[in-house]
$ cat model-v5.txt   # compact mmCIF, C-alpha atoms
# COMPACT_ATOMS: atom_id res chain seq x y z
CA MET L 1 49.74 -6.58 -5.55
CA SER L 2 46.01 -6.06 -6.00
CA PRO L 3 44.43 -3.67 -3.50
CA HIS L 4 41.33 -5.90 -3.32
CA THR L 5 41.27 -8.74 -0.80
CA PRO L 6 39.53 -12.05 -1.54
CA SER L 7 36.69 -11.05 0.79
CA ASP L 8 36.23 -7.82 -1.20
CA ARG L 9 35.97 -9.77 -4.46
CA GLN L 10 33.55 -12.20 -2.82
CA SER L 11 31.43 -9.26 -1.64
CA VAL L 12 31.31 -7.82 -5.17
CA ALA L 13 30.28 -11.23 -6.53
CA ARG L 14 27.34 -11.35 -4.12
CA HIS L 15 26.17 -8.01 -5.51
CA GLY L 16 26.37 -8.89 -9.22
CA TRP L 17 23.94 -8.43 -12.08
CA VAL L 18 22.76 -12.03 -11.96
CA GLN L 19 21.78 -11.70 -8.31
CA ALA L 20 20.03 -8.38 -9.02
CA ALA L 21 18.13 -9.93 -11.93
CA ALA L 22 16.98 -12.78 -9.69
CA VAL L 23 15.71 -10.32 -7.07
CA VAL L 24 13.76 -8.26 -9.61
CA LEU L 25 12.31 -11.23 -11.51
CA VAL L 26 11.16 -13.07 -8.37
CA ALA L 27 9.43 -9.94 -7.07
CA THR L 28 7.80 -9.14 -10.43
CA VAL L 29 6.55 -12.69 -10.99
CA ALA L 30 5.14 -12.83 -7.45
CA MET L 31 3.32 -9.53 -7.97
CA ALA L 32 1.91 -10.70 -11.30
CA VAL L 33 0.74 -14.01 -9.82
CA THR L 34 -0.90 -12.25 -6.86
CA ALA L 35 -2.65 -9.79 -9.18
CA ALA L 36 -3.75 -12.56 -11.56
CA LEU L 37 -5.19 -14.71 -8.77
CA GLY L 38 -7.02 -11.73 -7.31
CA LEU L 39 -8.46 -10.73 -10.67
CA TRP L 40 -9.40 -14.35 -11.37
CA ALA L 41 -11.28 -14.50 -8.07
CA ALA L 42 -12.99 -11.24 -9.01
CA GLY L 43 -14.19 -12.74 -12.30
CA ALA L 44 -11.88 -10.82 -14.63
CA THR L 45 -11.12 -13.90 -16.72
CA GLY L 46 -14.39 -13.23 -18.51
CA LEU L 47 -13.17 -9.94 -19.99
CA PRO L 48 -13.51 -9.82 -23.80
CA ASP L 49 -10.72 -9.98 -26.38
CA GLY L 50 -8.37 -11.92 -24.13
CA ALA L 51 -7.76 -8.85 -22.00
CA PHE L 52 -7.00 -10.67 -18.77
CA PRO L 53 -3.16 -10.63 -19.11
CA ARG L 54 -3.17 -6.93 -19.97
CA VAL L 55 -5.45 -6.08 -17.04
CA THR L 56 -3.07 -8.07 -14.83
CA ALA L 57 -0.16 -6.00 -16.17
CA ALA L 58 -2.10 -2.79 -15.47
CA THR L 59 -2.73 -3.97 -11.90
CA VAL L 60 1.00 -4.50 -11.37
CA VAL L 61 1.71 -1.04 -12.81
CA THR L 62 -0.74 0.70 -10.48
CA SER L 63 0.55 -1.26 -7.48
CA VAL L 64 3.91 0.55 -7.65
CA GLY L 65 2.46 4.03 -8.18
CA GLY L 66 2.28 3.84 -11.97
CA THR L 67 -0.31 5.73 -13.97
CA VAL L 68 -2.88 3.92 -16.11
CA GLU L 69 -4.91 6.37 -18.19
CA LEU L 70 -8.48 5.57 -19.19
CA SER L 71 -9.95 6.83 -22.43
CA GLY L 72 -13.40 6.76 -23.98
CA ASN L 73 -14.57 6.92 -27.58
CA ALA L 74 -18.22 6.99 -28.48
CA GLY L 75 -18.21 8.71 -31.86
CA GLY L 76 -19.37 12.17 -32.87
CA LEU L 77 -22.93 11.75 -31.53
CA ALA L 78 -21.97 10.55 -28.09
CA GLU L 79 -19.67 11.36 -25.23
CA SER L 80 -17.98 9.17 -22.68
CA SER L 81 -15.66 9.75 -19.77
CA ALA L 82 -13.72 7.49 -17.43
CA ALA L 83 -11.19 7.80 -14.62
CA LEU L 84 -9.73 5.42 -12.06
CA THR L 85 -7.24 5.96 -9.23
CA VAL L 86 -6.65 3.12 -6.78
CA ILE L 87 -3.58 1.21 -5.61
CA PRO L 88 -4.00 -2.57 -5.07
CA LEU L 89 -1.90 -2.64 -1.92
CA SER L 90 -1.87 -6.44 -1.56
CA VAL L 91 0.16 -6.62 -4.77
CA THR L 92 2.28 -3.70 -3.58
CA LEU L 93 3.05 -5.41 -0.28
CA VAL L 94 4.11 -8.68 -1.93
CA GLY L 95 6.54 -6.87 -4.22
CA ALA L 96 7.93 -4.69 -1.44
CA LEU L 97 8.60 -7.62 0.89
CA LEU L 98 10.38 -9.67 -1.77
CA LEU L 99 12.45 -6.78 -3.10
CA ALA L 100 13.48 -5.82 0.43
CA ALA L 101 14.43 -9.39 1.32
CA GLY L 102 16.43 -9.79 -1.89
CA PHE L 103 18.19 -6.48 -1.37
CA LEU L 104 19.18 -7.31 2.21
CA ARG L 105 20.19 -10.93 1.70
CA PRO L 106 23.80 -10.37 0.51
CA LEU L 107 24.31 -7.74 3.21
CA ARG L 108 23.74 -10.09 6.13
CA HIS L 109 26.34 -10.65 8.83
CA ARG L 110 28.08 -7.35 8.12
CA ALA L 111 28.59 -4.56 10.62
CA VAL L 112 29.27 -1.68 8.22
CA ALA L 113 28.92 -1.29 4.46
CA GLY L 114 30.39 1.45 2.36
CA ALA L 115 28.08 4.00 0.75
CA ARG L 116 29.54 3.16 -2.68
CA GLU L 117 28.87 -0.55 -2.19
CA LEU L 118 25.26 0.01 -1.14
CA ALA L 119 24.67 2.49 -3.96
CA GLY L 120 26.12 0.09 -6.54
CA TRP L 121 23.97 -2.82 -5.36
CA ALA L 122 20.84 -0.65 -5.30
CA ALA L 123 21.66 0.79 -8.76
CA ARG L 124 21.85 -2.69 -10.32
CA ILE L 125 18.43 -3.55 -8.92
CA ALA L 126 17.05 -0.16 -10.04
CA VAL L 127 18.27 -0.50 -13.63
CA LEU L 128 16.78 -3.96 -14.04
CA TRP L 129 13.60 -2.89 -12.27
CA LEU L 130 13.13 -0.07 -14.79
CA VAL L 131 13.62 -2.48 -17.70
CA VAL L 132 11.04 -4.91 -16.32
CA LEU L 133 8.62 -2.11 -15.42
CA LEU L 134 8.91 -0.73 -18.96
CA GLY L 135 7.97 -4.12 -20.40
CA VAL L 136 5.01 -4.51 -18.06
CA SER L 137 3.86 -0.97 -18.83
CA LEU L 138 3.92 -1.56 -22.58
CA ALA L 139 1.79 -4.68 -22.09
CA ALA L 140 -0.80 -2.79 -20.01
CA ARG L 141 -3.10 -1.45 -22.74
CA GLN L 142 -6.50 -2.59 -23.99
CA THR L 143 -9.78 -1.29 -25.49
CA PHE L 144 -13.24 -2.62 -24.63
CA ALA L 145 -16.59 -2.16 -26.33
CA ILE L 146 -19.32 -0.96 -23.94
CA PRO L 147 -22.84 -2.37 -24.55
CA LEU L 148 -25.63 0.21 -24.50
CA GLY L 149 -28.05 -2.12 -22.82
CA GLU L 150 -31.72 -1.88 -23.66
CA GLY L 151 -34.17 0.94 -24.23
CA THR L 152 -33.69 4.40 -25.73
CA LEU L 153 -29.90 4.45 -25.62
CA ALA L 154 -29.68 1.10 -27.39
CA ASP L 155 -32.13 2.23 -30.10
CA LEU L 156 -30.18 5.46 -30.67
CA GLY L 157 -26.96 3.50 -30.87
CA ASP L 158 -28.41 1.23 -33.57
CA VAL L 159 -29.80 4.14 -35.56
CA PHE L 160 -26.67 6.30 -35.51
CA GLY L 161 -24.09 3.54 -35.44
CA VAL L 162 -22.71 4.54 -32.05
CA SER L 163 -20.28 1.97 -30.62
CA PRO L 164 -18.90 3.34 -27.35
CA GLU L 165 -15.50 2.09 -26.24
CA VAL L 166 -13.38 2.53 -23.18
CA GLY L 167 -9.71 1.64 -22.98
CA PHE L 168 -6.61 2.01 -20.88
CA GLU L 169 -2.91 2.40 -21.42
CA THR L 170 0.09 3.20 -19.26
CA ALA L 171 1.55 6.69 -19.13
CA LEU L 172 5.19 5.66 -19.44
CA ALA L 173 7.06 8.69 -18.09
CA PRO L 174 5.18 9.09 -14.78
CA THR L 175 5.02 5.31 -14.34
CA LEU L 176 8.79 4.89 -14.63
CA PHE L 177 9.39 7.89 -12.36
CA PHE L 178 7.01 6.82 -9.61
CA GLY L 179 8.02 3.18 -9.99
CA LEU L 180 11.64 4.13 -9.40
CA LEU L 181 10.64 6.36 -6.48
CA TRP L 182 8.65 3.46 -4.99
CA LEU L 183 11.65 1.15 -5.33
CA ALA L 184 13.93 3.69 -3.65
CA GLY L 185 11.48 3.95 -0.75
CA VAL L 186 11.36 0.17 -0.38
CA LEU L 187 15.15 -0.20 -0.32
CA VAL L 188 15.68 2.68 2.11
CA LEU L 189 12.97 1.35 4.42
CA ALA L 190 14.54 -2.11 4.25
CA LEU L 191 17.85 -0.68 5.48
CA LEU L 192 16.09 1.20 8.26
CA VAL L 193 14.02 -1.73 9.47
CA SER L 194 16.61 -4.51 9.50
CA ARG L 195 18.80 -4.54 12.59
CA GLY L 196 21.29 -6.84 10.80
CA ALA L 197 21.64 -4.71 7.67
CA PRO L 198 24.88 -2.69 7.55
CA LEU L 199 24.87 1.08 7.25
CA PRO L 200 27.61 3.42 6.05
CA ALA L 201 29.67 4.69 8.97
CA GLY L 202 28.29 8.21 8.59
CA LEU L 203 24.72 7.01 9.16
CA LEU L 204 25.30 4.83 12.21
CA ARG L 205 24.28 7.66 14.54
CA PHE L 206 20.71 7.40 13.26
CA GLN L 207 20.28 3.81 14.42
CA THR L 208 19.11 4.80 17.89
CA SER L 209 16.17 6.96 16.88
CA VAL L 210 15.18 5.67 13.44
CA ARG L 211 15.65 1.91 13.24
CA PRO L 212 13.54 0.80 16.25
CA ALA L 213 10.70 3.14 15.26
CA ALA L 214 10.76 2.05 11.60
CA TYR L 215 10.76 -1.61 12.63
CA ALA L 216 7.83 -1.05 14.98
CA MET L 217 5.75 0.66 12.27
CA VAL L 218 6.39 -2.08 9.71
CA LEU L 219 5.51 -4.67 12.34
CA LEU L 220 2.30 -2.75 13.13
CA LEU L 221 1.23 -2.63 9.48
CA LEU L 222 2.00 -6.31 8.94
CA ALA L 223 0.12 -7.22 12.12
CA TYR L 224 -2.99 -5.52 10.75
CA VAL L 225 -2.60 -7.36 7.45
CA GLY L 226 -2.20 -10.68 9.26
CA LEU L 227 -5.23 -10.02 11.44
CA GLY L 228 -7.27 -9.01 8.41
CA ALA L 229 -6.22 -12.16 6.54
CA VAL L 230 -7.35 -14.36 9.44
CA ILE L 231 -10.71 -12.59 9.63
CA GLY L 232 -11.13 -12.86 5.86
CA LEU L 233 -10.44 -16.60 5.88
CA VAL L 234 -12.90 -17.12 8.74
CA VAL L 235 -15.56 -15.14 6.87
CA ALA L 236 -14.94 -17.15 3.69
CA ALA L 237 -15.22 -20.43 5.61
CA THR L 238 -18.35 -19.54 7.59
CA ARG L 239 -20.37 -17.11 5.48
CA GLY L 240 -19.63 -18.04 1.90
CA HIS L 241 -18.70 -15.56 -0.84
CA VAL L 242 -15.35 -17.32 -1.10
CA ALA L 243 -14.36 -15.88 -4.48
CA GLU L 244 -15.20 -12.30 -3.51
CA THR L 245 -13.35 -12.64 -0.21
CA PHE L 246 -10.20 -13.97 -1.86
CA ALA L 247 -10.37 -11.18 -4.44
CA VAL L 248 -10.25 -8.66 -1.60
CA LEU L 249 -7.46 -10.53 0.18
CA LEU L 250 -5.28 -10.77 -2.93
CA LEU L 251 -5.89 -7.25 -4.24
CA GLY L 252 -6.91 -4.84 -1.50
CA LEU L 253 -6.47 -6.30 1.98
CA PRO L 254 -4.07 -3.55 3.19
CA ASN L 255 -6.41 -0.94 1.69
CA LEU L 256 -9.10 -2.20 4.03
CA VAL L 257 -7.20 -2.96 7.24
CA TRP L 258 -5.04 0.16 7.17
CA LEU L 259 -8.21 2.20 6.64
CA ALA L 260 -9.55 0.49 9.77
CA LEU L 261 -6.35 1.45 11.62
CA THR L 262 -6.88 5.15 10.90
CA ILE L 263 -10.59 5.02 11.72
CA GLY L 264 -9.78 3.37 15.04
CA LEU L 265 -7.51 6.31 15.83
CA GLY L 266 -10.49 8.62 15.30
CA ALA L 267 -9.69 9.76 11.76
CA THR L 268 -12.42 10.72 9.32
CA TRP L 269 -12.64 9.79 5.66
CA TYR L 270 -15.31 11.15 3.35
CA GLY L 271 -16.67 9.81 0.11
CA ARG L 272 -19.58 8.58 -1.94
CA VAL L 273 -20.59 5.45 -3.82
CA ASP L 274 -23.05 5.98 -6.65
CA GLY L 275 -24.08 3.73 -9.51
CA PRO L 276 -22.77 0.21 -10.15
CA PHE L 277 -19.50 0.71 -8.31
CA GLY L 278 -18.82 -1.06 -5.06
CA LEU L 279 -16.11 -0.97 -2.43
CA PRO L 280 -14.03 -4.04 -1.50
CA MET L 281 -14.97 -3.74 2.15
CA PRO L 282 -17.67 -4.81 4.61
CA HIS L 283 -21.25 -4.02 3.70
CA VAL L 284 -21.59 -1.49 6.53
CA LEU L 285 -19.06 0.83 4.88
CA ASP L 286 -20.91 0.65 1.57
CA GLN L 287 -24.13 1.47 3.41
CA VAL L 288 -22.64 4.63 4.90
CA LEU L 289 -21.15 5.89 1.65
CA ARG L 290 -23.81 4.91 -0.89
CA GLY L 291 -26.09 7.76 -1.92
CA GLU L 292 -26.21 11.09 -3.69
CA GLU L 293 -24.59 13.08 -0.89
CA THR L 294 -21.01 12.97 0.33
CA ALA L 295 -20.86 11.03 3.59
CA GLU L 296 -18.35 10.93 6.42
CA LEU L 297 -16.72 7.65 7.38
CA ASN L 298 -15.66 7.60 11.02
CA LEU L 299 -16.38 5.81 14.27
CA SER L 300 -19.63 7.60 15.06
CA ALA L 301 -21.05 7.21 11.54
CA LEU L 302 -20.22 3.51 11.41
CA ALA L 303 -21.52 2.91 14.95
CA GLU L 304 -24.99 3.99 13.83
CA HIS L 305 -25.06 0.92 11.58
CA ASP L 306 -22.97 -1.52 13.62
CA GLY L 307 -21.89 -0.93 17.22
CA ARG L 308 -19.07 -3.46 16.91
CA VAL L 309 -17.00 -0.80 15.16
CA TRP L 310 -15.90 0.48 18.57
CA TRP L 311 -13.71 -2.63 18.82
CA LEU L 312 -11.41 -0.87 16.34
CA VAL L 313 -10.36 1.49 19.15
CA ALA L 314 -9.44 -1.44 21.40
CA VAL L 315 -7.53 -3.21 18.63
CA ASP L 316 -5.62 -0.01 17.85
CA ALA L 317 -4.75 0.50 21.51
CA VAL L 318 -3.44 -3.06 21.96
CA LEU L 319 -1.41 -3.18 18.72
CA LEU L 320 0.01 0.33 19.12
CA LEU L 321 1.06 -0.46 22.68
CA ALA L 322 2.70 -3.68 21.47
CA ALA L 323 4.52 -1.76 18.72
CA ALA L 324 5.70 0.84 21.24
CA PHE L 325 6.94 -1.94 23.53
CA VAL L 326 8.91 -3.55 20.69
CA MET L 327 10.37 -0.17 19.71
CA ALA L 328 11.53 0.52 23.28
CA ALA L 329 12.91 -3.00 23.77
CA ARG L 330 15.03 -2.66 20.59
CA SER L 331 16.38 0.76 21.60
CA PRO L 332 19.50 1.45 23.65
CA ALA L 333 18.90 1.76 27.40
CA ARG L 334 20.05 5.38 27.44
CA VAL L 335 16.93 6.48 25.53
CA ARG L 336 14.47 7.99 27.99
CA ALA L 337 10.72 7.37 28.06
CA TRP L 338 9.83 10.83 26.77
CA GLN L 339 12.18 10.31 23.84
CA HIS L 340 10.45 7.03 23.02
CA ALA L 341 7.15 8.90 23.08
CA VAL L 342 8.45 11.46 20.58
CA HIS L 343 9.93 8.77 18.31
CA MET L 344 6.67 6.80 18.38
CA ALA L 345 4.58 9.91 17.68
CA VAL L 346 6.65 10.95 14.67
CA ALA L 347 6.79 7.41 13.27
CA LEU L 348 3.04 6.85 13.66
CA ALA L 349 2.23 10.24 12.14
CA LEU L 350 4.37 9.44 9.09
CA THR L 351 2.76 6.01 8.83
CA VAL L 352 -0.76 7.45 8.92
CA LEU L 353 0.24 10.09 6.38
CA MET L 354 1.43 7.30 4.07
CA ILE L 355 -1.85 5.41 4.51
CA CYS L 356 -3.84 8.55 3.70
CA LEU L 357 -1.84 9.13 0.52
CA VAL L 358 -1.96 5.59 -0.84
CA GLY L 359 -5.45 4.69 0.39
CA ARG L 360 -7.37 7.25 -1.66
CA VAL L 361 -9.88 5.88 -4.18
CA ASP L 362 -11.37 7.67 -7.20
CA ALA L 363 -13.44 6.07 -9.95
CA HIS L 364 -15.84 7.45 -12.54
CA TYR L 365 -17.48 6.29 -15.73
CA GLY L 366 -20.23 7.94 -17.72
CA LEU L 367 -21.86 7.73 -21.17
CA SER L 368 -24.22 10.10 -22.94
CA VAL L 369 -25.82 9.62 -26.39
CA LEU L 370 -27.40 12.77 -27.85
CA GLY L 371 -27.57 14.16 -24.33
CA ILE L 372 -29.39 11.11 -22.95
CA GLY L 373 -27.58 9.45 -20.11
CA ASP L 374 -25.97 12.59 -18.69
CA LEU L 375 -22.63 10.78 -18.28
CA GLY L 376 -24.10 8.89 -15.38
CA GLY L 377 -27.30 7.11 -14.47
CA GLU L 378 -27.57 3.45 -15.34
CA LEU L 379 -24.49 3.51 -17.58
CA GLY L 380 -22.25 5.39 -15.20
CA GLY L 381 -21.31 6.05 -11.64
CA ASP L 382 -18.91 7.67 -9.23
CA LEU L 383 -16.88 6.39 -6.34
CA PHE L 384 -14.44 8.31 -4.22
CA LEU L 385 -12.93 7.93 -0.76
CA HIS L 386 -10.60 10.61 0.60
CA PRO L 387 -9.13 11.21 4.07
CA ARG L 388 -9.07 14.33 6.17
CA ILE L 389 -5.32 14.11 6.23
CA TRP L 390 -4.16 16.63 8.80
CA SER L 391 -6.69 15.67 11.46
CA ALA L 392 -5.64 12.04 11.00
CA VAL L 393 -1.96 12.96 11.34
CA GLY L 394 -2.71 15.04 14.46
CA LEU L 395 -4.56 12.15 16.10
CA ALA L 396 -1.66 9.84 15.23
CA LEU L 397 0.75 12.20 16.98
CA LEU L 398 -1.40 12.12 20.12
CA TRP L 399 -1.77 8.33 20.09
CA GLY L 400 1.96 7.96 19.45
CA LEU L 401 2.93 10.13 22.39
CA VAL L 402 0.72 8.20 24.81
CA THR L 403 1.48 4.67 23.61
CA GLY L 404 5.18 5.47 23.14
CA PHE L 405 5.52 6.58 26.75
CA LEU L 406 3.54 3.61 28.09
CA GLY L 407 5.48 1.19 25.91
CA ALA L 408 8.76 2.54 27.28
CA LEU L 409 7.53 1.99 30.85
CA LEU L 410 6.50 -1.59 30.04
CA ALA L 411 9.87 -2.32 28.40
CA HIS L 412 11.84 -0.83 31.30
CA GLY L 413 12.57 -4.21 32.87
CA VAL L 414 13.48 -6.15 29.72
CA ARG L 415 16.32 -4.04 28.35
CA ARG L 416 19.52 -5.79 27.41
CA ARG L 417 21.61 -2.98 25.85
CA GLY L 418 23.31 -0.79 28.42
CA GLN L 419 22.16 0.38 31.81
CA GLN L 420 18.60 1.19 32.69
CA PRO L 421 17.68 4.81 31.95
CA GLN L 422 15.89 7.18 34.24
CA VAL L 423 12.27 7.71 33.34
$ encode --input "model-v5.txt" --output "structure tokens"
Amino acid sequence: MSPHTPSDRQSVARHGWVQAAAVVLVATVAMAVTAALGLWAAGATGLPDGAFPRVTAATVVTSVGGTVELSGNAGGLAESSAALTVIPLSVTLVGALLLAAGFLRPLRHRAVAGARELAGWAARIAVLWLVVLLGVSLAARQTFAIPLGEGTLADLGDVFGVSPEVGFETALAPTLFFGLLWLAGVLVLALLVSRGAPLPAGLLRFQTSVRPAAYAMVLLLLAYVGLGAVIGLVVAATRGHVAETFAVLLLGLPNLVWLALTIGLGATWYGRVDGPFGLPMPHVLDQVLRGEETAELNLSALAEHDGRVWWLVAVDAVLLLAAAFVMAARSPARVRAWQHAVHMAVALALTVLMICLVGRVDAHYGLSVLGIGDLGGELGGDLFLHPRIWSAVGLALLWGLVTGFLGALLAHGVRRRGQQPQV
């Protein structure tokens, strides 16, 4: 007699290779479509040599932590340099949501799942994800010719036959490694967030402290994205610049709104915008950062240009309190208010740390012909935006303690799991 019951065989069927392929392909296609629409809105369809599909592939690669290396070639009489580090988090978010939903779907309506079953299902998705990511990475390569413009540089280029080029290609090894690491993070977070997803018996003890906090943080981040999308649509409808606004929404909306979340907490970012580069964010931020000196980006600096920035503090307070309330309401009644405060503080600190790590921006391009141009000037520029990480994490801990405690007090009367705890 076979040791496997019909329900066991049915469970295995729901976790097969065909289902895993569907999950990976749907997520990849959605990411590519999101990236393509965003690049189209940004005007990238006008890139030479039919480069649009390859730039789209490069955008998908960078959205999952992959590495796209830039290279310059200007001949023996010239020098060029280029670098770019930025994660288009709108594309990242689309892929993460679809992969998480596809991973959790066959696990619904189950109380407990074995570690081997979960590992096997995740491994199928991971193997197919690596195959697809490899194909996308190989497609993400292109070389562009850079015009020298007019004046002395153009004349020197004509005389000496200088034809500067800049190109990009994917670094396969780090891309596959970080892409797999990103996928693992998405799948683990999906298990932590979903109340209906089964856990192995040995991990059930972590449900009390981890799952409500993880759910609250994901809800907080998505609330900021939703609020930012509404504001963006209103701006597009009332102030014009529709294409530019949709480019931001489809490529970098989380980059912008999660930056606003940290600034509302009191965090400081520092950076500079120089040359033709621009930031996909409100004009006031570009005003603060543009110049030859490194500038600080925080509440006080922004308030000098627009006093409405103080509303970020109020928005943070309301949404953090709502997240803390949801976390407490989803927790067992035996969890005390001070424990909620600790859980909220740790969860918010980890969330802010993640934002600081993925929200960094670095870009540089420069060209020099016979020493003229100095790898900058009209044919080059620099852009960078970095956080002061540990001060941001410290402020998140403080905000988490306060809002976590208050959220527990507000949720005291709405508990449904167990008896009311003592505060």
$ residues_around --input "model-v5.txt" --residues "L:Thr59" --least-positions-apart "2" --cutoff "9 Å" --atoms "all atoms listed in the file" --output "list of chain:residue names"
L:Ala32, L:Ala35, L:Ala36, L:Leu39, L:Arg54, L:Val55, L:Thr56, L:Ala57, L:Val61, L:Thr62, L:Ser63, L:Val68, L:Ile87, L:Pro88, L:Val91, L:Ala140, L:Leu251
$ atom_distance --input "model-v5.txt" --atom1 "atom CA of L:Val402" --atom2 "atom CA of L:Val218"
19.1 Å
$ closest_residue --input "model-v5.txt" --among "L:Leu192, L:Ala42, L:Leu99, L:Leu222" --to "L:Val29" --atoms "all atoms listed in the file"
L:Leu99
$ closest_residue --input "model-v5.txt" --among "L:Met327, L:Leu181, L:Ala171, L:Ala51" --to "L:Arg211" --atoms "only C-alpha atoms"
L:Met327
$ residues_around --input "model-v5.txt" --residues "L:Trp258" --least-positions-apart "2" --cutoff "8 Å" --atoms "all atoms listed in the file" --output "list in words"
Leu221, Tyr224, Val225, Pro254, Asn255, Leu256, Ala260, Leu261, Thr262 and Ile355 of chain L
$ write_last_selection --input "model-v5.txt" --atoms "C-alpha atoms" --output "mmCIF file, in the frame of the given file"
data_model
loop_
_atom_site.group_PDB
_atom_site.id
_atom_site.type_symbol
_atom_site.label_atom_id
_atom_site.label_comp_id
_atom_site.auth_asym_id
_atom_site.auth_seq_id
_atom_site.Cartn_x
_atom_site.Cartn_y
_atom_site.Cartn_z
ATOM 1 C CA LEU L 221 1.230 -2.630 9.480
ATOM 2 C CA TYR L 224 -2.990 -5.520 10.750
ATOM 3 C CA VAL L 225 -2.600 -7.360 7.450
ATOM 4 C CA PRO L 254 -4.070 -3.550 3.190
ATOM 5 C CA ASN L 255 -6.410 -0.940 1.690
ATOM 6 C CA LEU L 256 -9.100 -2.200 4.030
ATOM 7 C CA ALA L 260 -9.550 0.490 9.770
ATOM 8 C CA LEU L 261 -6.350 1.450 11.620
ATOM 9 C CA THR L 262 -6.880 5.150 10.900
ATOM 10 C CA ILE L 355 -1.850 5.410 4.510
#
$ atom_distance --input "model-v5.txt" --atom1 "atom CA of L:Ala20" --atom2 "atom CA of L:Leu128"
7.4 Å
$ closest_residue --input "model-v5.txt" --among "L:Ala190, L:Val393, L:Ala322, L:Leu383" --to "L:Glu293" --atoms "only C-alpha atoms"
L:Leu383
$ closest_residue --input "model-v5.txt" --among "L:Ala324, L:Ile389, L:Val361, L:Ala408" --to "L:Ala337" --atoms "all atoms listed in the file"
L:Ala408
$ residues_near_point --input "model-v5.txt" --point "(17.5, -2.8, -17.2)" --cutoff "12 Å" --atoms "only C-alpha atoms" --output "VMD selection string"
chain L and resid 17 to 18 20 to 21 24 to 25 123 to 135 176 180
$ atom_distance --input "model-v5.txt" --atom1 "atom CA of L:Gly114" --atom2 "atom CA of L:Met217"
26.6 Å
$ closest_residue --input "model-v5.txt" --among "L:Val284, L:Leu299, L:Val315, L:Ala243" --to "L:Ala41" --atoms "only C-alpha atoms"
L:Ala243
$ residues_around --input "model-v5.txt" --residues "stretch 303-311 of chain L" --least-positions-apart "3" --cutoff "10 Å" --atoms "all atoms listed in the file" --output "PDB file with C-alpha atoms, in the frame of the given file"
ATOM      1  CA  ALA L 260      -9.550   0.490   9.770  1.00  0.00           C
ATOM      2  CA  ILE L 263     -10.590   5.020  11.720  1.00  0.00           C
ATOM      3  CA  GLY L 264      -9.780   3.370  15.040  1.00  0.00           C
ATOM      4  CA  VAL L 284     -21.590  -1.490   6.530  1.00  0.00           C
ATOM      5  CA  LEU L 285     -19.060   0.830   4.880  1.00  0.00           C
ATOM      6  CA  GLN L 287     -24.130   1.470   3.410  1.00  0.00           C
ATOM      7  CA  VAL L 288     -22.640   4.630   4.900  1.00  0.00           C
ATOM      8  CA  ASN L 298     -15.660   7.600  11.020  1.00  0.00           C
ATOM      9  CA  LEU L 299     -16.380   5.810  14.270  1.00  0.00           C
ATOM     10  CA  SER L 300     -19.630   7.600  15.060  1.00  0.00           C
ATOM     11  CA  ALA L 314      -9.440  -1.440  21.400  1.00  0.00           C
ATOM     12  CA  VAL L 315      -7.530  -3.210  18.630  1.00  0.00           C
ATOM     13  CA  ASP L 316      -5.620  -0.010  17.850  1.00  0.00           C
ATOM     14  CA  ALA L 317      -4.750   0.500  21.510  1.00  0.00           C
TER      15      ALA L 317
END
$ closest_residue --input "model-v5.txt" --among "L:Leu47, L:Ala27, L:Ala214, L:Leu89" --to "L:Thr143" --atoms "all atoms listed in the file"
L:Leu47
$ decode --input "model-v5.txt" --residues "stretch 324-347 of chain L" --atoms "C-alpha atoms" --output "short mmCIF file (atom, residue, chain, number, x, y, z; two decimals), in the first residue's frame"
data_model
loop_
_atom_site.label_atom_id
_atom_site.label_comp_id
_atom_site.auth_asym_id
_atom_site.auth_seq_id
_atom_site.Cartn_x
_atom_site.Cartn_y
_atom_site.Cartn_z
CA ALA L 324 0.85 49.79 15.22
CA PHE L 325 -2.89 49.41 15.78
CA VAL L 326 -3.13 46.73 13.08
CA MET L 327 -0.11 44.92 14.53
CA ALA L 328 -1.64 44.88 18.02
CA ALA L 329 -5.08 43.84 16.77
CA ARG L 330 -3.55 40.85 14.92
CA SER L 331 -1.52 39.74 17.94
CA PRO L 332 -2.64 37.36 20.69
CA ALA L 333 -4.23 39.06 23.71
CA ARG L 334 -1.47 37.85 26.04
CA VAL L 335 1.06 40.20 24.40
CA ARG L 336 1.51 43.24 26.63
CA ALA L 337 1.70 46.86 25.47
CA TRP L 338 5.42 47.19 26.17
CA GLN L 339 6.06 44.07 24.09
CA HIS L 340 4.11 45.60 21.20
CA ALA L 341 6.28 48.68 21.53
CA VAL L 342 9.46 46.60 21.26
CA HIS L 343 8.12 44.60 18.30
CA MET L 344 7.10 47.79 16.50
CA ALA L 345 10.45 49.45 17.19
CA VAL L 346 12.48 46.53 15.86
CA ALA L 347 10.25 46.11 12.80
#
